[in-house]
4 protein chains.
Amino acid sequence: MVVILKSNYDKEQLDRLTEWLADMNVEPHFTYGANQTIMGLVGDTSKIDIDMLHALDIVEDVKRIAEPFKKANRKFHPEDTVIEIAPGVKIGGGNLMVMAGPCSIESEEQLCGIAEAVKKSGANVLRGGAFKPRTSPYAFQGMREDGMKLLIKAKKKVGIPVVTEIMDYQHLPLFEDVDIIQVGARNMQNFELLKHLGRQDKPILLKRGLSNTLEELLMSAEYIMSEGNEKVILCERGIRTFETATRNTLDISAVPMLHSMTHLPVVIDPSHATGKSMAVPSMSLAGVVAGADGLIIEVHNNPAKALCDGAQSLTPEQFDDLSKRISEVKKFAYRK
Amino acid sequence: MVVILKSNYDKEQLDRLTEWLADMNVEPHFTYGANQTIMGLVGDTSKIDIDMLHALDIVEDVKRIAEPFKKANRKFHPEDTVIEIAPGVKIGGGNLMVMAGPCSIESEEQLCGIAEAVKKSGANVLRGGAFKPRTSPYAFQGMREDGMKLLIKAKKKVGIPVVTEIMDYQHLPLFEDVDIIQVGARNMQNFELLKHLGRQDKPILLKRGLSNTLEELLMSAEYIMSEGNEKVILCERGIRTFETATRNTLDISAVPMLHSMTHLPVVIDPSHATGKSMAVPSMSLAGVVAGADGLIIEVHNNPAKALCDGAQSLTPEQFDDLSKRISEVKKFAYRK
Amino acid sequence: MVVILKSNYDKEQLDRLTEWLADMNVEPHFTYGANQTIMGLVGDTSKIDIDMLHALDIVEDVKRIAEPFKKANRKFHPEDTVIEIAPGVKIGGGNLMVMAGPCSIESEEQLCGIAEAVKKSGANVLRGGAFKPRTSPYAFQGMREDGMKLLIKAKKKVGIPVVTEIMDYQHLPLFEDVDIIQVGARNMQNFELLKHLGRQDKPILLKRGLSNTLEELLMSAEYIMSEGNEKVILCERGIRTFETATRNTLDISAVPMLHSMTHLPVVIDPSHATGKSMAVPSMSLAGVVAGADGLIIEVHNNPAKALCDGAQSLTPEQFDDLSKRISEVKKFAYRK
Amino acid sequence: MVVILKSNYDKEQLDRLTEWLADMNVEPHFTYGANQTIMGLVGDTSKIDIDMLHALDIVEDVKRIAEPFKKANRKFHPEDTVIEIAPGVKIGGGNLMVMAGPCSIESEEQLCGIAEAVKKSGANVLRGGAFKPRTSPYAFQGMREDGMKLLIKAKKKVGIPVVTEIMDYQHLPLFEDVDIIQVGARNMQNFELLKHLGRQDKPILLKRGLSNTLEELLMSAEYIMSEGNEKVILCERGIRTFETATRNTLDISAVPMLHSMTHLPVVIDPSHATGKSMAVPSMSLAGVVAGADGLIIEVHNNPAKALCDGAQSLTPEQFDDLSKRISEVKKFAYRK
């Protein structure tokens with residue numbers, strides 16, 4: 001941490017600050033310039049509150065130097081984390097995981113039909129939402145408990161691991177047979193939820209919040225990891241920007257940046273990021289080639305009631321075509 | 001709702017769509033242009049899923065026309081909502097409420113000292129955080145239960161209503177003697193929390209999320225109101241933008257915009273918005289003159305341990321000066 | 001400037017770096033921590049290219065400490081700059097300047113009518129666009145040369161100084177009788193234009209770009225000032241964010257922040273910022289109370305052809321009402 | 001265009017509006033709902049000013065339906081535009097163009113050395129900046145005229161077409177031997193510059209502004225095309241968001257979105273978008289697989305003076321490795 005002092009700082013206040021730093025086992029080293037005095041803080045600065053330093057009368061600015069995340073930090077854990085979801089299904093360290101399925105679970109028939117189709121095309125995890133976070137209280141909120149039952153039925157019938165979203169840690173008992181628990185973008189900083197998820201041991205798919213930085217995403221992973229659960233999968237699903245052509249803006253550079261910052265696997269969600277099924281195949285390929293460890297793709301099939309497709313869902317046929325393309329490009333995925 | 005059809009739309013699919021709309025009691029009116037066919041939907045379109053329409057092959061675009069919020073909508077409730085917090089303390093309809101106090105509760109002495117000071121200066125609600133949402137799991141998470149006890153003690157000793165943040169509806173029993181329950185920016189779309197808060201009857205101070213639109217803020221208010229609790233106070237506390245001179249960007253125009261959209265009271269939080277105590281007084285005055293119904297301001301006083309002020313807190317002396325200025329300008333507050 | 005070295009830096013490369021710094025008359029001071037080595041650079045670092053340092057193999061990060069703007073910097077010029085626009089019309093140092101008029105100049109009758117009206121209500125500068133930057137090449141591009149003539153006519157006839165936008169320095173001869181030359185948001189970083197405006201001596205109204213930081217705004221002011229023209233007026237006119245309720249987001253905190261960073265006057269443009277005439281009066285009052293040195297407001301009057309009002313323009317009657325409110329609140333404007 | 005009328009609209013004003021629309025050869029079709037009246041406008045609405053309609057008392061909202069760009073619109077020009085830069089060097093319609101070279105031209109030796117290297121690795125256009133837009137007036141502004149001479153020398157010596165940036169149309173005579181003229185992000189809406197570039201016939205590489213939408217980018221292309229020059233190449237180079245891990249956020253979904261909106265070729269600039277050489281290879285591959293028609297990549301080589309690399313430049317060796325990877329993946333580029 002580097003502290004820049006105001007040019008006319010009060011000596012007495014500085015003494016009080018250095019004493020307090022000494023109590024925290026942090027030692028200041030001074031650099032005296034013509035117009036500025038710089039203090040470099042040496043020691044474990046992770047407990048020093050940067051806002052508090054900012055607030056001091058004698059301080060002009062404070063710059064943090066070390067990353068605030070530890071357990072997720074690649075510096076202290078250079079090897080990729082590999083997470084085994086189910087026998088033979090891994091993510092990380094060169095293992096590509098493809099999650100596919102409907103946005104919302106609607107019926108057993110729908111879910112199992114899609115599950116069979118995506119499994120056959122090469123997906124190794126089934127996604128499906130039972131608890132749906134919706135902007136409007138008047139919109140369909142998901143099948144909730146009933147949806148959870150259908151998901152487990154599909155898992156067993158089709159023989160494919162499942163991922164689904166949790167919105168409330170009180171619902172954890174319903175997730176007993178789920179393979180990956182998803183935390184949605186809106187709950188990325190629901191810290192009470194994260195702490196509870198850190199106290200159980202299922203893998204967590206942690207989605208980046210709409211306007212959260214990569215560092216904040218890693219700090220949320222840190223909430224889970226610091227409670228004991230180190231099986232965290234990070235997911236880039238588009239950030240909120242001024243552009244309206246796509247629903248959100250897929251931050252594809254999150255893949256190389258996160259890979260340099262952390263050892264945790266990184267997944268791309270092209271369906272939510274773009275909100276346009278037309279853009280899903282190209283963004284999926286881009287994610288894979290950029291080095292993503294996984295994809296999560298919406299697939300829906302309801303020929304009898306064509307009205308219910310989401311604007312961002314692929315049909316099983318489109319997904320099958322995409323899967324073939326993914327197989328072709330994945331050997332060219334960028335690895336340093 | 002207006003639906004624009006693709007120029008080469010399939011007639012059969014259109015028939016299926018109009019049948020389905022008829023089932024929903026919505027009637028389409030057609031406008032045939034040279035290159036486009038437009039369908040205006042007449043009837044209650046609030047249950048029609050806009051994403052579903054978007055997904056149809058024959059649809060080029062869908063434009064929503066009616067606002068999706070109802071209970072919060074000024075159109076159906078033209079008069080300002082006035083909420084009585086405690087005997088003699090009201091917000092809305094011309095009543096200005098000033099909430100002041102420390103970011104975090106630290107001790108009885110600290111809290112009561114500040115409470116006395118801000119009350120004397122004219123604040124009519126004491127703020128103080130017991131549960132603190134922090135980006136880092138390693139940062140101080142608030143005094144939690146112990147902090148709640150101190151807050152209630154201060155309320156009774158000093159005789160001032162209190163507002164404090166909830167992070168988990170399981171903690172609701174601890175909020176029995178609290179006068180206003182605050183939902184923080186990070187939980188604005190924690191829908192399970194909102195639903196539970198809608199099922200009790202204390203006023204809710206709902207903070208706008210870092211990257212949420214005003215419409216989304218109103219939809220979150222709607223979650224609370226649709227469960228029965230109509231005492232919702234909206235709070236603009238800065239949005240996330242590219243600018244780094246301030247912590248967030250105070251969207252002051254949220255005041256007139258929200259006043260035109262909704263009857264609910266609107267509060268400005270200049271402390272969190274700017275993150276700079278230097279900017280708090282001018283932004284407070286701006287908020288009042290722009291017509292805000294309330295302010296929430298961080299005030300801290302700890303002369304013995306000067307290290308603990310937040311960068312954005314005013315001292316009691318600064319707050320006292322600000323209070324006088326607020327008294328002077330409040331009669332010029334903009335009302336249409 | 002502070003340079004953080006990588007933990008395993010190459011000693012030889014560091015020697016080459018320190019030699020090169022010595023050539024630049026900059027001296028490094030080292031702080032050796034457990035995991036990091038920090039170099040504080042002492043001397044005039046304004047010529048050191050931060051990107052170049054970033055690119056070095058041995059460098060982990062570089063943090064700038066001194067502001068990169070000099071002539072605009074309040075540190076080296078503590079007193080407010082006061083600019084005299086015309087005899088008796090000043091801006092800065094407590095002098096409030098109100099610019100009002102139509103977005104586009106349409107005819108002599110329109111322009112003179114509005115000029116008379118706004119002058120009578122208390123505006124001290126007439127605004128009116130002759131060269132109009134429009135997103136679409138098919139939209140009306142302004143009356144251009146003919147508009148300039150009408151503007152000068154109105155100036156002389158009504159006796160009021162005028163401000164209008166320049167889009168090309170080749171047009172400078174047309175601006176000979178203009179009192180303030182405006183640089184629009186889209187040209188804030190048109191550096192060739194800025195340099196030419198720095199070589200003449202009329203005051204410049206420099207609008208902040210849609211997504212430019214306050215520091216970048218000051219660097220653009222610096223382009224003008226470093227060529228010799230120090231009469232720069234800064235204008236906050238809304239920034240681009242995700243919010244769509246208003247056209248842009250008025251960054252009202254730019255007023256106190258700019259006042260702390262620079263001695264130059266700061267103007268608020270509530271018309272372009274919000275794009276809603278309904279929000280213009282409250283935002284104008286907020287700007288004045290926050291300490292802005294001026295306002296620029298769109299006013300339009302065309303009773304015969306009511307179709308031509310802009311969505312953001314006030315009528316002369318609305319402007320007259322606003323002017324009265326401004327007179328009332330301006331004595332409460334925040335000054336430290 | 002769809003116009004939503006206020007529920008209590010004035011009949012007389014509506015009559016005046018419909019008369020005026022008739023004058024513009026636009027016919028309104030009405031849909032009467034319970035709470036709203038909708039007017040669908042049929043005819044050529046491109047000359048109707050949407051802001052003017054918004055401003056009318058009787059109008060609640062206006063929604064545009066047709067895209068405002070014409071010459072760039074794929075609807076009216078379904079085939080990809082293919083531009084021939086030099087004999088054998090094409091972009092668009094399946095032809096991938098790779099532009100590489102230094103950010104700034106520094107010397108003949110530097111430029112020719114890099115030109116030889118990138119040509120050998122497979123680049124088909126040399127990039128190099130002579131006029132450099134810099135945030136600070138105190139930063140190196142490029143070699144300007146002298147740099148232009150060196151660029152032409154390198155072109156002839158090495159036998160490779162060249163692209164370089166223009167900042168002022170007065171400099172056009174210096175661009176006579178240049179193959180592609182680049183318009184930088186900061187000048188994307190410098191409309192006077194765009195018009196002049198539309199009146200000459202060299203291909204234009206038009207970079208997206210930092211906070212400009214894809215629609216605005218196409219409207220700027222339209223400025224050039226409507227003056228006669230239809231050889232416009234669009235370039236996504238990162239947009240400004242809240243994220244600071246990368247310099248800007250590469251909006252990779254701009255590739256499929258632009259391909260659906262326009263027939264013009266689309267280029268990705270991973271160097272400026274990320275500002276990190278580490279992320280350039282993976283983002284280049286992602287761009288190619290997503291279907292981009294070209295790449296523009298910074299390459300720098302100056303072993304004797306290692307201080308001058310930009311943080312985002314590849315070495316010739318890194319570029320050579322990247323070129324091989326590009327060759328491998330380009331056959332998998334996404335084409336519908």
# chains A, B, ... in the order shown; residues from 1 in each chain; ligands from 1
$ residues_around --residues "D:Leu41" --least-positions-apart "3" --cutoff "10 Å" --atoms "only C-alpha atoms" --output "MDAnalysis selection string"
(chainID B and resid 31:33 38) or (chainID D and resid 1:3 21 25:30 38 44:45 64:65)
$ interface_residues --of "chain C" --to "chain D" --cutoff "8 Å" --atoms "only C-alpha atoms" --output "ChimeraX atom specification"
/C:17,46-47,49,51-56,68,133,135-139,167-168,186-187,189-192,210-211,216,219-220,222-223,226,240,306-312
$ residues_around --residues "A:Leu14" --least-positions-apart "5" --cutoff "9 Å" --atoms "only C-alpha atoms" --output "ChimeraX atom specification"
/A:9,19,58
$ write_last_selection --atoms "all heavy atoms" --output "short mmCIF file (atom, residue, chain, number, x, y, z; two decimals), in the first residue's frame"
data_model
loop_
_atom_site.label_atom_id
_atom_site.label_comp_id
_atom_site.auth_asym_id
_atom_site.auth_seq_id
_atom_site.Cartn_x
_atom_site.Cartn_y
_atom_site.Cartn_z
N TYR A 9 1.36 18.50 5.43
CA TYR A 9 0.83 17.62 6.48
C TYR A 9 1.33 18.02 7.87
O TYR A 9 2.42 18.54 8.04
CB TYR A 9 1.17 16.15 6.19
CG TYR A 9 2.65 15.84 6.17
CD1 TYR A 9 3.34 15.54 7.35
CD2 TYR A 9 3.34 15.85 4.98
CE1 TYR A 9 4.69 15.25 7.31
CE2 TYR A 9 4.69 15.58 4.93
CZ TYR A 9 5.37 15.28 6.10
OH TYR A 9 6.71 15.02 6.08
N GLU A 19 2.48 5.48 14.63
CA GLU A 19 2.31 4.66 15.84
C GLU A 19 1.22 3.61 15.62
O GLU A 19 1.38 2.44 15.97
CB GLU A 19 1.86 5.54 17.01
CG GLU A 19 2.99 6.05 17.88
CD GLU A 19 2.47 7.09 18.86
OE1 GLU A 19 1.44 6.80 19.54
OE2 GLU A 19 3.06 8.19 18.92
N ILE A 58 -4.26 14.35 6.79
CA ILE A 58 -2.90 14.51 6.26
C ILE A 58 -2.67 13.70 4.97
O ILE A 58 -1.64 13.80 4.36
CB ILE A 58 -1.83 14.08 7.31
CG1 ILE A 58 -2.07 12.62 7.75
CG2 ILE A 58 -1.86 15.01 8.51
CD1 ILE A 58 -0.96 12.09 8.65
#
$ select_by_dssp --residues "stretch 184-318 of chain A" --states "helix (DSSP H, G or I)" --output "PyMOL selection string"
chain A and resi 185-187+191-198+214-226+254-261+270-274+277-289+303-308+316-318
$ atom_distance --atom1 "atom CA of A:Ser282" --atom2 "atom CA of D:Gly291"
7.3 Å
$ atom_distance --atom1 "atom CA of A:Ile4" --atom2 "atom CA of C:Lys75"
15.6 Å
$ residues_around --residues "A:Ala273" --least-positions-apart "4" --cutoff "9 Å" --atoms "only C-alpha atoms" --output "ChimeraX atom specification"
/A:236-239,246-251,268-269,280
$ closest_residue --among "B:Asp61, B:Ser104, B:Val288, B:Ile252" --to "C:Thr274" --atoms "only C-alpha atoms"
B:Ile252
$ select_by_dssp --residues "stretch 60-216 of chain A" --states "strand (DSSP E or B)" --output "count of residues only"
37
$ residues_around --residues "C:Lys202" --least-positions-apart "3" --cutoff "12 Å" --atoms "only C-alpha atoms" --output "list of chain:residue names"
C:Ile83, C:Glu84, C:Ile85, C:Ala86, C:Val162, C:Val163, C:Thr164, C:Leu172, C:Phe175, C:Glu176, C:Asp177, C:Val178, C:Asp179, C:Ile180, C:Ile181, C:Gln182, C:His196, C:Leu197, C:Gly198, C:Arg199, C:Leu205, C:Ile224, C:Met225, C:Gly228, C:Asn229, C:Glu230, C:Lys231, C:Val232, C:Ile233
$ write_last_selection --atoms "N, CA and C atoms" --output "PDB file, in the first residue's frame"
ATOM      1  N   ILE C  83     -13.731  35.438 -15.724  1.00  0.00           N
ATOM      2  CA  ILE C  83     -13.629  35.799 -17.140  1.00  0.00           C
ATOM      3  C   ILE C  83     -14.678  36.855 -17.452  1.00  0.00           C
ATOM      4  N   GLU C  84     -14.228  37.921 -18.080  1.00  0.00           N
ATOM      5  CA  GLU C  84     -15.177  38.978 -18.465  1.00  0.00           C
ATOM      6  C   GLU C  84     -15.573  38.728 -19.911  1.00  0.00           C
ATOM      7  N   ILE C  85     -16.845  38.485 -20.114  1.00  0.00           N
ATOM      8  CA  ILE C  85     -17.361  38.144 -21.434  1.00  0.00           C
ATOM      9  C   ILE C  85     -17.647  39.404 -22.240  1.00  0.00           C
ATOM     10  N   ALA C  86     -18.179  40.369 -21.556  1.00  0.00           N
ATOM     11  CA  ALA C  86     -18.552  41.649 -22.158  1.00  0.00           C
ATOM     12  C   ALA C  86     -18.626  42.628 -20.993  1.00  0.00           C
ATOM     13  N   VAL C 162     -23.111  36.724 -27.154  1.00  0.00           N
ATOM     14  CA  VAL C 162     -23.597  35.454 -27.705  1.00  0.00           C
ATOM     15  C   VAL C 162     -22.554  34.341 -27.608  1.00  0.00           C
ATOM     16  N   VAL C 163     -23.070  33.113 -27.487  1.00  0.00           N
ATOM     17  CA  VAL C 163     -22.241  31.910 -27.489  1.00  0.00           C
ATOM     18  C   VAL C 163     -22.787  30.973 -28.556  1.00  0.00           C
ATOM     19  N   THR C 164     -21.876  30.369 -29.349  1.00  0.00           N
ATOM     20  CA  THR C 164     -22.319  29.410 -30.368  1.00  0.00           C
ATOM     21  C   THR C 164     -21.201  28.421 -30.654  1.00  0.00           C
ATOM     22  N   LEU C 172     -13.331  29.674 -38.252  1.00  0.00           N
ATOM     23  CA  LEU C 172     -13.044  30.707 -37.252  1.00  0.00           C
ATOM     24  C   LEU C 172     -13.361  32.136 -37.722  1.00  0.00           C
ATOM     25  N   PHE C 175     -16.530  33.606 -36.691  1.00  0.00           N
ATOM     26  CA  PHE C 175     -16.779  33.759 -35.255  1.00  0.00           C
ATOM     27  C   PHE C 175     -16.234  35.084 -34.700  1.00  0.00           C
ATOM     28  N   GLU C 176     -15.856  35.977 -35.598  1.00  0.00           N
ATOM     29  CA  GLU C 176     -15.187  37.203 -35.157  1.00  0.00           C
ATOM     30  C   GLU C 176     -16.003  38.028 -34.151  1.00  0.00           C
ATOM     31  N   ASP C 177     -17.320  38.060 -34.330  1.00  0.00           N
ATOM     32  CA  ASP C 177     -18.141  38.874 -33.431  1.00  0.00           C
ATOM     33  C   ASP C 177     -18.830  38.070 -32.334  1.00  0.00           C
ATOM     34  N   VAL C 178     -18.452  36.799 -32.244  1.00  0.00           N
ATOM     35  CA  VAL C 178     -19.017  35.938 -31.209  1.00  0.00           C
ATOM     36  C   VAL C 178     -18.277  36.210 -29.899  1.00  0.00           C
ATOM     37  N   ASP C 179     -18.973  36.099 -28.770  1.00  0.00           N
ATOM     38  CA  ASP C 179     -18.345  36.406 -27.489  1.00  0.00           C
ATOM     39  C   ASP C 179     -17.740  35.186 -26.802  1.00  0.00           C
ATOM     40  N   ILE C 180     -18.402  34.046 -26.960  1.00  0.00           N
ATOM     41  CA  ILE C 180     -17.879  32.794 -26.394  1.00  0.00           C
ATOM     42  C   ILE C 180     -17.997  31.727 -27.479  1.00  0.00           C
ATOM     43  N   ILE C 181     -16.918  31.005 -27.724  1.00  0.00           N
ATOM     44  CA  ILE C 181     -16.945  29.923 -28.710  1.00  0.00           C
ATOM     45  C   ILE C 181     -17.125  28.606 -27.973  1.00  0.00           C
ATOM     46  N   GLN C 182     -18.131  27.873 -28.383  1.00  0.00           N
ATOM     47  CA  GLN C 182     -18.427  26.599 -27.722  1.00  0.00           C
ATOM     48  C   GLN C 182     -17.803  25.430 -28.471  1.00  0.00           C
ATOM     49  N   HIS C 196      -6.030  25.048 -32.215  1.00  0.00           N
ATOM     50  CA  HIS C 196      -6.326  26.297 -32.932  1.00  0.00           C
ATOM     51  C   HIS C 196      -7.087  27.290 -32.048  1.00  0.00           C
ATOM     52  N   LEU C 197      -7.965  26.786 -31.209  1.00  0.00           N
ATOM     53  CA  LEU C 197      -8.711  27.691 -30.330  1.00  0.00           C
ATOM     54  C   LEU C 197      -7.810  28.273 -29.252  1.00  0.00           C
ATOM     55  N   GLY C 198      -6.731  27.573 -28.954  1.00  0.00           N
ATOM     56  CA  GLY C 198      -5.778  28.096 -27.979  1.00  0.00           C
ATOM     57  C   GLY C 198      -4.928  29.223 -28.545  1.00  0.00           C
ATOM     58  N   ARG C 199      -4.922  29.332 -29.870  1.00  0.00           N
ATOM     59  CA  ARG C 199      -4.094  30.361 -30.526  1.00  0.00           C
ATOM     60  C   ARG C 199      -4.884  31.622 -30.828  1.00  0.00           C
ATOM     61  N   LEU C 205     -16.124  27.831 -24.297  1.00  0.00           N
ATOM     62  CA  LEU C 205     -17.006  27.011 -23.462  1.00  0.00           C
ATOM     63  C   LEU C 205     -16.766  25.563 -23.879  1.00  0.00           C
ATOM     64  N   ILE C 224      -5.953  23.836 -24.774  1.00  0.00           N
ATOM     65  CA  ILE C 224      -6.257  25.221 -25.155  1.00  0.00           C
ATOM     66  C   ILE C 224      -5.325  26.180 -24.418  1.00  0.00           C
ATOM     67  N   MET C 225      -5.190  25.966 -23.114  1.00  0.00           N
ATOM     68  CA  MET C 225      -4.405  26.878 -22.281  1.00  0.00           C
ATOM     69  C   MET C 225      -2.928  26.847 -22.631  1.00  0.00           C
ATOM     70  N   GLY C 228      -1.895  29.228 -25.141  1.00  0.00           N
ATOM     71  CA  GLY C 228      -1.916  30.646 -24.814  1.00  0.00           C
ATOM     72  C   GLY C 228      -3.246  31.213 -24.339  1.00  0.00           C
ATOM     73  N   ASN C 229      -4.346  30.542 -24.638  1.00  0.00           N
ATOM     74  CA  ASN C 229      -5.654  31.071 -24.263  1.00  0.00           C
ATOM     75  C   ASN C 229      -6.117  30.449 -22.945  1.00  0.00           C
ATOM     76  N   GLU C 230      -6.097  31.240 -21.886  1.00  0.00           N
ATOM     77  CA  GLU C 230      -6.445  30.682 -20.570  1.00  0.00           C
ATOM     78  C   GLU C 230      -7.913  30.901 -20.209  1.00  0.00           C
ATOM     79  N   LYS C 231      -8.687  31.455 -21.143  1.00  0.00           N
ATOM     80  CA  LYS C 231     -10.101  31.733 -20.830  1.00  0.00           C
ATOM     81  C   LYS C 231     -10.978  30.534 -21.188  1.00  0.00           C
ATOM     82  N   VAL C 232     -10.931  29.533 -20.348  1.00  0.00           N
ATOM     83  CA  VAL C 232     -11.691  28.311 -20.619  1.00  0.00           C
ATOM     84  C   VAL C 232     -12.784  28.151 -19.554  1.00  0.00           C
ATOM     85  N   ILE C 233     -14.000  27.935 -20.021  1.00  0.00           N
ATOM     86  CA  ILE C 233     -15.151  27.672 -19.144  1.00  0.00           C
ATOM     87  C   ILE C 233     -15.527  26.211 -19.352  1.00  0.00           C
TER      88      ILE C 233
END
$ residues_around --residues "D:Arg325" --least-positions-apart "4" --cutoff "9 Å" --atoms "only C-alpha atoms" --output "list in words"
Phe332 and Tyr334 of chain A; Pro281, Leu285, Asp320, Asp321, Val329 and Lys330 of chain D
$ residues_around --residues "C:Gly92" --least-positions-apart "6" --cutoff "9 Å" --atoms "only C-alpha atoms" --output "compact mmCIF listing (two decimals) with all heavy atoms, in the first residue's frame"
# COMPACT_ATOMS: atom_id res chain seq x y z
N ASP C 80 -10.02 31.63 -7.88
CA ASP C 80 -10.94 31.39 -9.00
C ASP C 80 -10.58 32.26 -10.19
O ASP C 80 -10.31 33.46 -10.03
CB ASP C 80 -12.37 31.80 -8.61
CG ASP C 80 -13.04 30.80 -7.68
OD1 ASP C 80 -12.42 29.79 -7.33
OD2 ASP C 80 -14.19 31.07 -7.28
N THR C 81 -10.63 31.68 -11.36
CA THR C 81 -10.51 32.50 -12.57
C THR C 81 -11.84 33.21 -12.83
O THR C 81 -12.90 32.59 -12.76
CB THR C 81 -10.15 31.60 -13.77
OG1 THR C 81 -8.75 31.29 -13.69
CG2 THR C 81 -10.42 32.28 -15.11
N VAL C 82 -11.75 34.50 -13.09
CA VAL C 82 -12.94 35.28 -13.45
C VAL C 82 -12.76 35.72 -14.89
O VAL C 82 -11.72 36.28 -15.25
CB VAL C 82 -13.10 36.51 -12.53
CG1 VAL C 82 -14.32 37.33 -12.94
CG2 VAL C 82 -13.22 36.07 -11.07
N ILE C 83 -13.73 35.44 -15.72
CA ILE C 83 -13.63 35.80 -17.14
C ILE C 83 -14.68 36.86 -17.45
O ILE C 83 -15.86 36.68 -17.13
CB ILE C 83 -13.82 34.56 -18.05
CG1 ILE C 83 -12.76 33.49 -17.70
CG2 ILE C 83 -13.73 34.94 -19.52
CD1 ILE C 83 -12.95 32.17 -18.43
N ILE C 233 -14.00 27.93 -20.02
CA ILE C 233 -15.15 27.67 -19.14
C ILE C 233 -15.53 26.21 -19.35
O ILE C 233 -15.72 25.77 -20.48
CB ILE C 233 -16.34 28.58 -19.54
CG1 ILE C 233 -15.95 30.05 -19.44
CG2 ILE C 233 -17.56 28.27 -18.68
CD1 ILE C 233 -16.90 31.00 -20.18
N HIS C 263 -9.23 26.04 -11.10
CA HIS C 263 -9.68 27.41 -10.84
C HIS C 263 -10.62 27.91 -11.93
O HIS C 263 -11.12 29.04 -11.85
CB HIS C 263 -8.47 28.33 -10.76
CG HIS C 263 -7.52 28.15 -11.91
ND1 HIS C 263 -7.65 28.85 -13.09
CD2 HIS C 263 -6.46 27.32 -12.07
CE1 HIS C 263 -6.70 28.45 -13.93
NE2 HIS C 263 -5.96 27.51 -13.34
N LEU C 264 -10.86 27.07 -12.94
CA LEU C 264 -11.68 27.51 -14.07
C LEU C 264 -13.18 27.49 -13.70
O LEU C 264 -13.60 26.66 -12.89
CB LEU C 264 -11.44 26.60 -15.28
CG LEU C 264 -10.02 26.61 -15.85
CD1 LEU C 264 -9.87 25.53 -16.93
CD2 LEU C 264 -9.66 27.98 -16.43
N PRO C 265 -13.98 28.35 -14.30
CA PRO C 265 -15.42 28.34 -14.00
C PRO C 265 -16.10 27.08 -14.54
O PRO C 265 -15.67 26.50 -15.55
CB PRO C 265 -15.98 29.58 -14.73
CG PRO C 265 -14.82 30.30 -15.30
CD PRO C 265 -13.61 29.43 -15.24
N VAL C 266 -17.18 26.69 -13.89
CA VAL C 266 -17.90 25.47 -14.22
C VAL C 266 -19.37 25.78 -14.47
O VAL C 266 -20.03 26.41 -13.64
CB VAL C 266 -17.80 24.44 -13.07
CG1 VAL C 266 -18.58 23.17 -13.40
CG2 VAL C 266 -16.35 24.12 -12.76
N ALA C 292 -22.35 26.01 -9.05
CA ALA C 292 -21.97 26.22 -10.44
C ALA C 292 -21.83 27.72 -10.73
O ALA C 292 -22.53 28.54 -10.15
CB ALA C 292 -23.01 25.60 -11.38
N ASP C 293 -20.93 28.03 -11.65
CA ASP C 293 -20.68 29.42 -12.02
C ASP C 293 -21.58 29.89 -13.15
O ASP C 293 -21.57 31.07 -13.51
CB ASP C 293 -19.22 29.58 -12.43
CG ASP C 293 -18.28 29.15 -11.32
OD1 ASP C 293 -18.23 29.83 -10.29
OD2 ASP C 293 -17.64 28.09 -11.48
N GLY C 294 -22.29 28.95 -13.75
CA GLY C 294 -23.16 29.36 -14.85
C GLY C 294 -24.09 28.24 -15.24
O GLY C 294 -23.95 27.08 -14.82
$ atom_distance --atom1 "atom CA of B:Glu60" --atom2 "atom CA of D:Ser253"
19.2 Å
$ closest_residue --among "C:Gly184, C:Gly287, C:Pro78, C:Gly122" --to "C:Lys324" --atoms "only C-alpha atoms"
C:Gly122
